[in-house]
Amino acid sequence: MNGAESLVRSLIAGGVEACFTNPGTSEIHLVAALDREPEIRCVLGLFEGVVTGAADGYARMAEKPACTLLHLGPGLGNGIANLHNASRARVPMVNLVGQHATYHLPHDTPLSSDIEAIARPYSKWLRTSQAASEVGRDVAAAIAAARTAPGQIATLIVPADVSWSQGGAVASLPALHIPPLPSTASIDHAAAMLCSGSGTAILLSGNALYGEGLITAGRIASATGAKLFAPYPITRLQRGAGFPRVDRVQYVLEQGIEQFKEFRRLILVGAQPPVAYFAYPGKSSSFTSPECEIHTLANPGEDYVGALDALATTLSIHGNQLATENADRPSMPSGEITLPGLAAAVGAILPEGAIVVDESMTSGRGLTAATKGAPAHDWLANTGGSIGIGLPLAVGAAVARPSRKVLCLSADGSGMYTLQALWTMARESLNVTTVVFANRDYAVLKREFSYLGIGSPGTRALDMFEIGRPNLDWVQLAKGLGVPGTRVHSLEAFGKALQAGLAGEGPTLIEVPL
C-alpha cells in the first residue's frame, strides 16, 4: 500500500465522504487512490475558490468535514478568500495540498513556494507529512483537529514521494475532543441577568442557531422575555414557521445601534459583541451602549447546547413553553420589479426544507423579514466578508443535502468572483436555483463612499464601483457553463421562474435586472 492509498483509506475510516478537488501533477497519486475508493464522492471545481467555498457549505449542512484537494502553493493561494470565510464560519474542513517530491525541492522549480506560510493564517492545525508510513496517521489527526469544537480548518501537505512510496498504513480516527461546559459561575451569572427584569439580549452562534440548541434558546427567551439574535454573518440559522424568532444583527452602524439601544444586558453564546464591520471617523464601532453589561455564557470551543440546557435548568424552565414564528407568508406580488416585491415573492414561494444561501447584501436586505413566516428552512450567509462565497456555498450545501432544494441569492458583482461554480452545479446535477440581482454595481461601496462624508464619487471613482459597460449577460454566462437561465422583467415573471426552478431537478439561474 502506498502513502496515497493509506491516506484515502484513512479518510474513509474517519468518516469523510466528500472531496472537492482541483488537483495537479503533484497530486496524481492521490487522484489515483481516490479513483479506486467510491466511498468518497469527488467533486471538481474549475477554480480553487469554488473548491474551498463548497467544502464550507458542505460542512455547514453535514456537520462534519469534507476534504479539499489542491495543487501546491498557488492552488492553495487561489482558495484563500473562501478559506477566510470558512475560518470565520468555524466549520470543520481538511485541506490536502500537494507538494513537490522532497528531493525535487532544492531545484526551486517555477511552482515551488512556502506552502506552510500560505496555509498558516487559516489553518488551526498544519502539518507536512514526512513518510508514507506516517501519512495515514497524519490525515486521521487532521480530521480530529478539524472536528474540534466549534470546528476549524486543518491542512495537511503531502509531498509527491510520500504519496507514491510504499509502506502506508491505514489509521483510525483518534478520540475526538469533547467540548467542555462553561463554569457553574458563568451559568449562574447568565441566569441572574435574565432574572433581573432589565432588557436582556442573547446573541447566539454555531449550533445554538439550529436544532436542539435553538429550541432551548427559544424556551429561555419565552420564559424570561429575552430577545434572541444571530450575528449578521450567519453560518447557519434554522428559521421559519414553528421556530423561535431570531433577529439578525444589522449591518449598518446606525441601524445596529438602534437595534441594541434598549438592552442593558447582553449574553453571548459563542459569539462576539456586535460591532461595525469597519471604522468610521468620529463614530463608535460598538452597537451596544456603554451601560450595557456583556457576559459570555459560552466561549468558542465550549458546549453551546449544553450551556443553554444548563441555563434552562438553573432557571427551572421545563415543558414546552416556546413562542414561535407564525405561518404567515406574504401575498404573491405583481407589477414592476422592486426590491420589496422580490423579497415578498421569495417569501411567498420558498418551499419547506429549503436551504437559502444569501450573498445579496444590498438587494436582499428585505429578504429575512419577508421569509420569517415561510415553511421551515435553513439560512446560510457570508461569514467573513470576502465576496464570492454564495455560489460555491450552494454547491457544498447541495452535495451535503441532495434531497433538499437550494436557493442561492447572489449579487452580480460577487457572483463573478466564482461563477465557475455554475459549471459544477451542472456537472453534478445539483438542485440549486440561483437568483442573480443584476444592479451592475458594487452598490455597497457607493453607500460606503457617501457614508464617510467625503462628498459624492466622481467619474473615476464610479468607474471603480460600477460593473456595466459592457453589461454582464448572466443568461449567456450560465448557458456557457451548462446551466439553463432566464431573464425576468416583472414580478409575475420572477415568481413563475422561481417556482419552476424550485420545482425542477438540476440547476437553473434567474437574472433580475435592477
# chains A, B, ... in the order shown; residues from 1 in each chain; ligands from 1

$ select_by_dssp --residues "range 298-373 of chain A" --states "alpha helix (DSSP H)" --output "JSON, numbers by chain"
{"A": [304, 305, 306, 307, 308, 309, 310, 311, 312, 313, 314, 339, 340, 341, 342, 343, 344, 345, 346, 347, 348, 349, 367, 368, 369, 370]}

$ residues_around --residues "range 34-48 of chain A" --least-positions-apart "6" --cutoff "10 Å" --atoms "only C-alpha atoms" --output "JSON, numbers by chain"
{"A": [4, 5, 7, 8, 9, 11, 12, 15, 16, 17, 18, 19, 20, 21, 22, 23, 28, 54, 66, 67, 68, 69, 70, 71, 74, 75, 76, 77, 78, 79, 80, 81, 82, 392, 395, 396, 399, 417, 418, 419, 420, 421, 422, 423, 424, 425, 427, 428]}

$ closest_residue --among "A:Ser6, A:Gly301, A:Phe278, A:Pro159" --to "Arg147 in chain A" --atoms "only C-alpha atoms"
A:Gly301

$ residues_around --residues "range 350-353 of chain A" --least-positions-apart "4" --cutoff "9 Å" --atoms "only C-alpha atoms" --output "PyMOL selection string"
chain A and resi 345-346+371+374-378+404-405+407+498-499+502

$ residues_around --residues "Leu204 in chain A" --least-positions-apart "5" --cutoff "12 Å" --atoms "only C-alpha atoms" --output "PyMOL selection string"
chain A and resi 209-210+213-218+221+227-237+246-249+266-274+296-300+304-305+307-308

$ residues_around --residues "range 115-117 of chain A" --least-positions-apart "3" --cutoff "10 Å" --atoms "only C-alpha atoms" --output "list in words"
Leu72, Gly73, Pro74, Gly75, Leu76, Gly77, Val97, Gly98, Gln99, Ser112, Arg120, Pro121, Ser123, Leu126, Arg127, Thr128, Thr155, Leu156 and Ile157 of chain A

$ write_last_selection --atoms "N, CA and C atoms" --output "short mmCIF file (atom, residue, chain, number, x, y, z; two decimals), in the first residue's frame"
data_model
loop_
_atom_site.label_atom_id
_atom_site.label_comp_id
_atom_site.auth_asym_id
_atom_site.auth_seq_id
_atom_site.Cartn_x
_atom_site.Cartn_y
_atom_site.Cartn_z
N LEU A 72 -0.41 22.39 -4.88
CA LEU A 72 0.74 23.19 -4.45
C LEU A 72 0.32 24.53 -3.82
N GLY A 73 1.29 25.42 -3.65
CA GLY A 73 1.01 26.71 -3.02
C GLY A 73 0.10 27.60 -3.83
N PRO A 74 0.29 27.73 -5.16
CA PRO A 74 -0.62 28.58 -5.93
C PRO A 74 -2.07 28.12 -5.88
N GLY A 75 -2.31 26.81 -5.92
CA GLY A 75 -3.68 26.33 -5.81
C GLY A 75 -4.29 26.66 -4.47
N LEU A 76 -3.52 26.46 -3.40
CA LEU A 76 -4.00 26.84 -2.07
C LEU A 76 -4.24 28.34 -2.00
N GLY A 77 -3.33 29.11 -2.60
CA GLY A 77 -3.49 30.57 -2.58
C GLY A 77 -4.76 31.01 -3.29
N VAL A 97 -3.02 19.34 0.41
CA VAL A 97 -2.27 20.16 -0.55
C VAL A 97 -1.04 19.39 -0.99
N GLY A 98 -0.91 19.20 -2.28
CA GLY A 98 0.27 18.51 -2.78
C GLY A 98 1.52 19.36 -2.66
N GLN A 99 2.65 18.68 -2.61
CA GLN A 99 3.96 19.33 -2.59
C GLN A 99 4.87 18.56 -3.54
N SER A 112 7.40 26.12 -7.10
CA SER A 112 7.82 25.99 -5.70
C SER A 112 7.38 27.22 -4.90
N ARG A 120 -0.77 28.83 6.89
CA ARG A 120 -0.78 29.08 8.33
C ARG A 120 -1.86 30.05 8.81
N PRO A 121 -2.13 31.17 8.13
CA PRO A 121 -3.12 32.11 8.67
C PRO A 121 -4.52 31.52 8.85
N SER A 123 -5.19 28.00 9.08
CA SER A 123 -5.13 26.59 9.48
C SER A 123 -4.83 26.51 10.97
N LEU A 126 -1.73 22.30 11.21
CA LEU A 126 -0.94 22.32 9.98
C LEU A 126 0.22 21.35 10.11
N ARG A 127 0.39 20.52 9.09
CA ARG A 127 1.49 19.55 9.14
C ARG A 127 1.89 19.19 7.72
N THR A 128 3.18 18.91 7.53
CA THR A 128 3.69 18.33 6.29
C THR A 128 4.10 16.89 6.57
N THR A 155 -4.90 21.59 7.70
CA THR A 155 -4.24 21.48 6.40
C THR A 155 -3.09 20.49 6.47
N LEU A 156 -3.12 19.50 5.61
CA LEU A 156 -2.05 18.50 5.51
C LEU A 156 -1.38 18.64 4.15
N ILE A 157 -0.08 18.87 4.17
CA ILE A 157 0.71 19.00 2.95
C ILE A 157 1.37 17.65 2.67
#

$ atom_distance --atom1 "CA of Asn326 in chain A" --atom2 "CA of Gly504 in chain A"
27.8 Å

$ residues_around --residues "Val483 in chain A" --least-positions-apart "6" --cutoff "7 Å" --atoms "only C-alpha atoms" --output "PyMOL selection string"
chain A and resi 422+426+507-509

$ write_last_selection --atoms "N, CA, C and O atoms" --output "CSV table (one decimal), in the first residue's frame"
chain,number,residue,atom,x,y,z
A,422,LEU,N,-21.2,27.5,-11.3
A,422,LEU,CA,-22.3,27.1,-12.1
A,422,LEU,C,-22.0,25.8,-12.9
A,422,LEU,O,-22.8,24.9,-13.0
A,426,ALA,N,-23.9,22.2,-12.8
A,426,ALA,CA,-24.4,21.4,-14.0
A,426,ALA,C,-23.8,20.0,-14.1
A,426,ALA,O,-24.5,19.0,-14.3
A,507,PRO,N,-29.8,22.3,-11.8
A,507,PRO,CA,-29.6,23.7,-11.6
A,507,PRO,C,-30.4,24.6,-12.6
A,507,PRO,O,-30.6,24.2,-13.7
A,508,THR,N,-30.7,25.8,-12.2
A,508,THR,CA,-31.2,26.8,-13.1
A,508,THR,C,-30.8,28.2,-12.5
A,508,THR,O,-30.4,28.3,-11.4
A,509,LEU,N,-30.9,29.2,-13.4
A,509,LEU,CA,-30.5,30.6,-13.0
A,509,LEU,C,-31.5,31.6,-13.5
A,509,LEU,O,-32.1,31.4,-14.6

$ residues_around --residues "Thr324 in chain A" --least-positions-apart "2" --cutoff "6 Å" --atoms "only C-alpha atoms" --output "list in words"
Gly242, Phe243 and Pro244 of chain A

$ write_last_selection --atoms "N, CA, C and O atoms" --output "PDB file, in the first residue's frame"
ATOM      1  N   GLY A 242     -42.785  27.876  13.084  1.00  0.00           N
ATOM      2  CA  GLY A 242     -42.547  26.812  14.048  1.00  0.00           C
ATOM      3  C   GLY A 242     -41.230  26.912  14.774  1.00  0.00           C
ATOM      4  O   GLY A 242     -40.977  26.137  15.700  1.00  0.00           O
ATOM      5  N   PHE A 243     -40.383  27.877  14.382  1.00  0.00           N
ATOM      6  CA  PHE A 243     -39.108  28.062  15.066  1.00  0.00           C
ATOM      7  C   PHE A 243     -39.108  29.379  15.844  1.00  0.00           C
ATOM      8  O   PHE A 243     -39.827  30.324  15.496  1.00  0.00           O
ATOM      9  N   PRO A 244     -38.306  29.462  16.899  1.00  0.00           N
ATOM     10  CA  PRO A 244     -38.226  30.713  17.652  1.00  0.00           C
ATOM     11  C   PRO A 244     -37.760  31.867  16.769  1.00  0.00           C
ATOM     12  O   PRO A 244     -36.983  31.671  15.825  1.00  0.00           O
TER      13      PRO A 244
END
